[in-house]
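Participant: Can you read through this structure? Questions will come right after.
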Amino acid sequence: MKYKTLIGLEIHVELMTKSKLFCGCSTEFGGEANTHCCPVCLGLPGALPVINKKAVEYCIKAGLAFNCNIAKITKMDRKNYFYPDLVKGYQISQYDVPICSGGYVEIESEDKPKKIRLIRIHVEEDTGKSIHSEKGETLMDFNRSGVPLIEIVTEPDMNSPEEARSFLEKLKATLRYIEVSDCKMEEGSLRCDVNINVVEESTGKKSKIIEMKNINSFKGVVKALEYEEKRHRELLSQGKDTVRETRRWDEIRNETVVMRRKEGVSDYRYFPEPDLVKMEIKGEWIENIRKNFPELPQEKKERFMQEYGLPEYDSEVLTGTKELADFFEKTSKYVDDYKQVSNWIMGDILRRLKDEDMQIEDIRFNPMEFAELLNMVNKGEVGNNIGKKVLKEMFETGQSPKDIVRDKGLIQMNDEEEIKDIVNTVITQNPQSVADFKNGKNRAIGFLVGQVMKKTKGKANPQIVNKLILEIIKAK
Amino acid sequence: MKQLKIIEISAKELAERIKSKEISSEEVIKAYFERIEEAEEKVDAFITLTKEDALKSAKKTDEKISRGEKLGAIEGVPVAIKDNIVTKGIKTTCASKILENFIPPYNATVVDKIKNEGGIIIGKTNMDEFAMGSSTENSRFKNTKNPYDLSRVPGGSSGGSAAAVASLEAPLALGSETGGSVRQPASFCGVVGIKPTYGLVSRYGLIAFASSLDQIGTLGRNVEDCAFILNVISGYDDKDSTSVNMVKKDYMKYLSEDIKGMKIALPKEYFGEGVDKNISERIRESARAFEKLGATIEEVSLPYTQYALPCYYLIATSEASSNLARFDGIRYGYRAKDYSDINELYINTRSQGFGEEVKRRIMLGTYSLSSGYYDAYYKKAQKVRGLLKKDFDKIFEKYDLILSPTSPTLPFRIGERLDDPVSMYMADVLTVSVNLTGCCAISVPCGYIENLPVGLQLIGNRFNEEKILRAAYAFEKNSGTEKILPDLRGEENEI
């Protein structure tokens, strides 16, 4: 039997505005509970919302980045439900006239481009947060209440968990590029709900759609989807079906578990928010946003290939995040060999970031210091390998490369006389290797060079060492 | 000329006399609290009195005056505030158990404006719970009585404000309107009440009943006083997105007795079935008074009038069902003591915290917003609202004002309509269109029938407050009806 998997995503992204969606309170993450609050975001009786234009602008920006239609006239609506974290008994959201509709995100699937269509992007307010204390009390923190979100809803166009991951990565990279959200999943500024079902291709029989809410990592999304995909297929192959329900990814048990059955559709009694007036999104406004639009990943990648003469692969990797691309560009301002910059970033730096689960913006040195190191290598002040050691030191201490080299005495030995003494010692101590070399075993030279480097703690200029060894052996 | 007692002096004149040091603000506040002590046990207009704060403010005003500092427009003048307008540090209950101990941490914009202009808040007035009602009988705390006959209601929902002004317990009061809640009690209590254009006065800090209809209004003993306080509270507020940013008008400037050439429309639907014949007759007589002053009167038709009341009750209850959702016992206000889970907490809190009428309206509104019913009710009501607006726009193309009775009946007896919500809703039949269309209107006393006050209503197009004020002012000065002060008598034993 052949099966086709259908995956749709619903992503909530917190916007990077300084103030909340309907009041002037700070959106900063953290902070003592209930300190970023006022009558408006606490929903006190009598308080009224005033929309943050910047949030609307960010939503339009996201819409433009994903090729959406931008509504000319839009409005806010009330979504009514009761929950302790919802201060007004309704969430101000958008119902039938979202700011953005249509559009798509282009991903790579099996080395081919694929468009994942979007249904809509709308703006809405976040809710507060319940905190469950050890004593079994539920406490509320409303710092997050009223923080602007955009909700992005896709068509069920993803046909594998891997495509869902690609989509999320592309979405995140783009949103960060256009500086609309920092998309920090660990701080809850990107939250993902997924819908999945499976179709038996020959018969057209579909399993019922399962929803999974608030999965907190891309890895979790993929694992949960893989688990569900398998479960749906197995049930269908046994002639059974899934139940329409909301499930949850249990990270510890590595499986999805039922949260609640969907009994009927919940009725949110949407109606237009009477405390806010309709918004007109003028063409000039959109044009203005478009004019000031930052470079998107694809454009940047192409520019990197042209401007820096980098291979496609390097350009792709370096433009993976805006911060990484910025790091490359800032470093390249001070270094002549762009490929060298790329090699070092893609090699040592990315490896280190990956090992420590860090982002480029978390490192302790800046592009200028990194460029300084590369230039020291280029000028032969330190050798390549020493350079890498210095980089490691920079990661750990945040010291400048000059300081590290000075403090550790790592400056390259370029003085031939000095090196010659050491080479002589090594040759006397290793007659066997010398003999091997003379018998045509060219590899023996490598051993001898290694011995010299060891004695000089790697500081000797390897080219000089090589040259001197050959000279001395031949002269014997 | 008879020497007026302090409490009989108009608000505008009080301000002038305080400014000229003829009387001190402290004297004024003391005089009013003496009156309140005497009248309140009969009238029950207030939920909360703020005597100490008021006296402190009065002393500050007097010090300012003695130091020759710059004074506000209503410096030293007492103002009563309806208890659905939030006052920082002063209990604001909406006459509901669910907010019986709620002390707001902030002031409504109108309260700040009054304070900035030197006004002194003397207390918070009684009302129908959450402004839902037309008699103030839906207050959780007390029944306010009509100062002209204590066995009758003062109207509502701003019944406390109207009764306080009528019984000389306050020279000025703020009320709020959703469907006639300032004009109808003004009519019942023989005072002047203005419902300003939607968007003229900031709603920030007015505890919402129906956001698209709510508007803060003023109550005073004469037209001039109403214009006087409207000057203080009107104007754009960036905290209320529905307030309109336009040049502020000085309404006092428009008060003149000259209404020659003014065109007044008399809509026949406002004189039809359900309207007390004596009242209709009284309004037609008043229309002749306008004619004598040089206005032209013509009968017109507003054909959608019959749909206004059902349209109003759909929209108002729908918005209310959502606006009142925040009273859930979680963060402030009343919380039921008996609950075993979150749903029970909600259910018990709201069942115990809200009164019958409020619950009735929440249920009505929840129903009409429900999926499957939304189009037939809420959406259709919005369409009717649009048609009503067109009806009014058409009239205002040709006429300056619309003249009608304010209330279809005289003040009714306390308890008379409590068991019949529909007859209670009918009390709003002549006022709701103004709220639905966002227009402005004023109710002005036009005499008495059976010793009970009758009010006439002048409706103006949006942001035409100066027109309704001028016409009302001219009428008030020339109608020839002598004002009778209420004697606070009535069949008290029945209460």
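Each chain of the structure tokens is named A, B, ... in the order shown, its residues numbered from 1; ligands are numbered from 1 in display order.
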Using only C-alpha atoms, what table do you get, as JSON lines, when you list each residue of chain B with an atom no more than 7 Å from chain A, its nearest pair of atoms, and their distance in Å rounded to one decimal, rows by chain then rising number?

Facilitator:
{"residue": "B:Val86", "atom": "CA", "partner": "A:Gly46", "partner_atom": "CA", "distance": 6.9}
{"residue": "B:Tyr204", "atom": "CA", "partner": "A:Ala47", "partner_atom": "CA", "distance": 5.7}
{"residue": "B:Gly205", "atom": "CA", "partner": "A:Gly46", "partner_atom": "CA", "distance": 3.9}
{"residue": "B:Leu206", "atom": "CA", "partner": "A:Gly46", "partner_atom": "CA", "distance": 4.6}
{"residue": "B:Ile207", "atom": "CA", "partner": "A:Gly46", "partner_atom": "CA", "distance": 4.0}
{"residue": "B:Ala208", "atom": "CA", "partner": "A:Gly46", "partner_atom": "CA", "distance": 6.0}
{"residue": "B:Ser211", "atom": "CA", "partner": "A:Pro274", "partner_atom": "CA", "distance": 5.7}
{"residue": "B:Ser212", "atom": "CA", "partner": "A:Pro274", "partner_atom": "CA", "distance": 5.4}
{"residue": "B:Lys239", "atom": "CA", "partner": "A:Val50", "partner_atom": "CA", "distance": 6.4}
{"residue": "B:Asp240", "atom": "CA", "partner": "A:Leu48", "partner_atom": "CA", "distance": 6.2}
{"residue": "B:Ser241", "atom": "CA", "partner": "A:Leu276", "partner_atom": "CA", "distance": 5.6}
{"residue": "B:Thr242", "atom": "CA", "partner": "A:Leu276", "partner_atom": "CA", "distance": 6.4}
{"residue": "B:Ser322", "atom": "CA", "partner": "A:Asn80", "partner_atom": "CA", "distance": 6.7}
{"residue": "B:Ala325", "atom": "CA", "partner": "A:Gly89", "partner_atom": "CA", "distance": 4.6}
{"residue": "B:Arg326", "atom": "CA", "partner": "A:Lys88", "partner_atom": "CA", "distance": 4.3}
{"residue": "B:Ile330", "atom": "CA", "partner": "A:Pro84", "partner_atom": "CA", "distance": 6.6}
{"residue": "B:Leu369", "atom": "CA", "partner": "A:Arg269", "partner_atom": "CA", "distance": 5.2}
{"residue": "B:Ser370", "atom": "CA", "partner": "A:Arg269", "partner_atom": "CA", "distance": 5.2}
{"residue": "B:Ser371", "atom": "CA", "partner": "A:Arg269", "partner_atom": "CA", "distance": 6.4}

Participant: Can those selected residues be exported to a file as a compact mmCIF listing (two decimals), in the first residue's frame so that it contains C-alpha atoms?

Facilitator:
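Generated file (out-v1.txt):
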# COMPACT_ATOMS: atom_id res chain seq x y z
CA VAL B 86 -13.54 54.12 37.47
CA TYR B 204 -11.43 55.00 28.80
CA GLY B 205 -12.37 53.96 32.31
CA LEU B 206 -16.07 53.52 31.64
CA ILE B 207 -16.79 49.91 32.55
CA ALA B 208 -18.14 48.60 29.29
CA SER B 211 -18.72 49.18 23.56
CA SER B 212 -20.14 50.36 20.24
CA LYS B 239 -6.31 55.88 25.08
CA ASP B 240 -9.68 55.36 23.37
CA SER B 241 -9.38 54.33 19.72
CA THR B 242 -13.03 55.19 19.12
CA SER B 322 -18.26 39.46 25.81
CA ALA B 325 -16.63 37.82 30.51
CA ARG B 326 -13.70 39.34 32.39
CA ILE B 330 -9.77 35.12 39.04
CA LEU B 369 -23.23 35.42 18.85
CA SER B 370 -23.24 31.62 18.70
CA SER B 371 -22.26 30.00 15.46

Participant: I'd like to know which residues of region 186-342 of chain A are alpha helix (DSSP H) (by DSSP, run on the backbone); could you write them as a PyMOL selection string?

Facilitator: chain A and resi 218-237+283-291+297-307+312-318+322-332+338-342

Participant: Pick out each residue of region 124-195 of chain B that DSSP on the backbone tags as strand (DSSP E); I need them as a PyMOL selection string.

Facilitator: chain B and resi 124-125+172-177+192-195

Participant: Env of region 464-470 of chain B: 6 Å cut, atoms = only C-alpha atoms, seq-sep filter 4 positions within chain, self excluded. Answer as a ChimeraX atom specification.

Facilitator: /B:251,254-256,458,460

Participant: Restricting it to N, CA and C atoms, dump the selection as a compact mmCIF listing (two decimals), in the first residue's frame.

Facilitator:
# COMPACT_ATOMS: atom_id res chain seq x y z
N TYR B 251 -18.68 74.77 24.04
CA TYR B 251 -20.15 74.71 23.90
C TYR B 251 -20.86 75.90 24.55
N TYR B 254 -22.13 78.61 22.24
CA TYR B 254 -23.26 78.40 21.34
C TYR B 254 -24.61 78.63 22.01
N LEU B 255 -24.58 78.90 23.31
CA LEU B 255 -25.85 79.04 24.01
C LEU B 255 -26.45 80.41 23.72
N SER B 256 -27.46 80.39 22.84
CA SER B 256 -28.14 81.66 22.57
C SER B 256 -29.61 81.36 22.40
N LEU B 458 -34.23 66.36 22.05
CA LEU B 458 -33.74 66.97 20.81
C LEU B 458 -32.56 66.15 20.34
N GLY B 460 -29.55 65.58 17.55
CA GLY B 460 -28.74 66.26 16.53
C GLY B 460 -27.85 65.29 15.80

Participant: Would you mind listing what lies within 12 Å of region 434-439 of chain A as number ranges by chain, with only C-alpha atoms counted and same-chain residues fewer than 4 positions away left out?

Facilitator: A: 423-424, 426-430, 443-449, 469-470, 472-476

Participant: Measuring atom to atom with only C-alpha atoms, identify which of B:Ala131, B:Ile103, B:Leu168, B:Ile194 is nearest to Cys440 (chain B).

Facilitator: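 Checking each candidate against Cys440 (chain B), we get B:Ile194 as the closest.
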
Participant: Counting only C-alpha atoms, which of A:Asn384, A:Phe142, A:Lys301, A:Ala55 gets nearest to Gln340 (chain A)?

Facilitator: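 Looking only at the distances to Gln340 (chain A), the closest residue turns out to be A:Asn384.
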
Participant: Would you list the contacts of Gly217 (chain B) as an MDAnalysis selection string, taking every protein, DNA or RNA residue within 7 Å and counting only C-alpha atoms, but skipping same-chain residues closer than 3 positions in sequence?

Facilitator: chainID B and resid 174:177 182 194:196

Participant: Generate a file of the selected residues that holds N, CA and C atoms, formatted as an mmCIF file, in the first residue's frame.

Facilitator:
data_model
loop_
_atom_site.group_PDB
_atom_site.id
_atom_site.type_symbol
_atom_site.label_atom_id
_atom_site.label_comp_id
_atom_site.auth_asym_id
_atom_site.auth_seq_id
_atom_site.Cartn_x
_atom_site.Cartn_y
_atom_site.Cartn_z
ATOM 1 N N LEU B 174 -22.108 62.869 36.284
ATOM 2 C CA LEU B 174 -21.850 62.129 35.056
ATOM 3 C C LEU B 174 -22.685 60.862 35.076
ATOM 4 N N GLY B 175 -23.229 60.557 33.922
ATOM 5 C CA GLY B 175 -23.933 59.297 33.770
ATOM 6 C C GLY B 175 -23.332 58.579 32.588
ATOM 7 N N SER B 176 -23.944 57.485 32.187
ATOM 8 C CA SER B 176 -23.497 56.848 30.954
ATOM 9 C C SER B 176 -24.717 56.351 30.215
ATOM 10 N N GLU B 177 -24.568 56.299 28.920
ATOM 11 C CA GLU B 177 -25.660 55.903 28.039
ATOM 12 C C GLU B 177 -25.256 54.702 27.229
ATOM 13 N N VAL B 182 -29.002 58.116 30.206
ATOM 14 C CA VAL B 182 -28.882 59.458 30.781
ATOM 15 C C VAL B 182 -30.181 60.226 30.525
ATOM 16 N N ILE B 194 -27.501 65.004 28.718
ATOM 17 C CA ILE B 194 -26.960 64.959 27.350
ATOM 18 C C ILE B 194 -26.330 63.606 27.086
ATOM 19 N N LYS B 195 -26.666 63.071 25.932
ATOM 20 C CA LYS B 195 -25.937 61.917 25.409
ATOM 21 C C LYS B 195 -25.112 62.469 24.250
ATOM 22 N N PRO B 196 -23.799 62.607 24.447
ATOM 23 C CA PRO B 196 -22.959 63.172 23.390
ATOM 24 C C PRO B 196 -22.793 62.199 22.223
#

Participant: May I have the residues within 10 Å of Asp428 (chain B) as a PDB file with C-alpha atoms, in the first residue's frame, using only C-alpha atoms and disregarding those fewer than 6 positions away in the same chain?

Facilitator:
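The resulting file, selection-v3.pdb, is reproduced below:
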ATOM      1  CA  GLY B 133     -32.014  48.624  33.169  1.00  0.00           C
ATOM      2  CA  SER B 134     -34.299  51.623  32.972  1.00  0.00           C
ATOM      3  CA  GLY B 156     -32.168  54.343  34.699  1.00  0.00           C
ATOM      4  CA  THR B 178     -25.994  52.727  26.077  1.00  0.00           C
ATOM      5  CA  GLY B 179     -29.614  53.079  25.053  1.00  0.00           C
ATOM      6  CA  GLY B 180     -30.965  56.129  26.857  1.00  0.00           C
ATOM      7  CA  SER B 181     -29.560  55.736  30.335  1.00  0.00           C
ATOM      8  CA  ARG B 183     -31.828  60.977  28.909  1.00  0.00           C
ATOM      9  CA  GLN B 184     -34.565  58.769  30.338  1.00  0.00           C
ATOM     10  CA  ALA B 308     -34.545  49.988  16.556  1.00  0.00           C
ATOM     11  CA  LEU B 309     -35.426  48.335  19.851  1.00  0.00           C
ATOM     12  CA  TYR B 312     -30.516  47.504  20.028  1.00  0.00           C
ATOM     13  CA  THR B 406     -37.684  61.282  25.715  1.00  0.00           C
ATOM     14  CA  SER B 407     -39.718  58.608  27.458  1.00  0.00           C
ATOM     15  CA  PRO B 408     -42.961  57.023  26.311  1.00  0.00           C
TER      16      PRO B 408
END

Participant: Would you please work out which residue, of A:Glu14, A:Leu350, A:Met212, A:Glu302, is nearest to Arg261 (chain A) when using only C-alpha atoms?

Facilitator: A:Met212

Participant: Which is closer to Lys330 (chain A) than all the others in A:Leu318, A:Leu171, A:Leu310, A:Ala371, using only C-alpha atoms?

Facilitator: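 Selected residue with least distance to Lys330 (chain A): A:Ala371.
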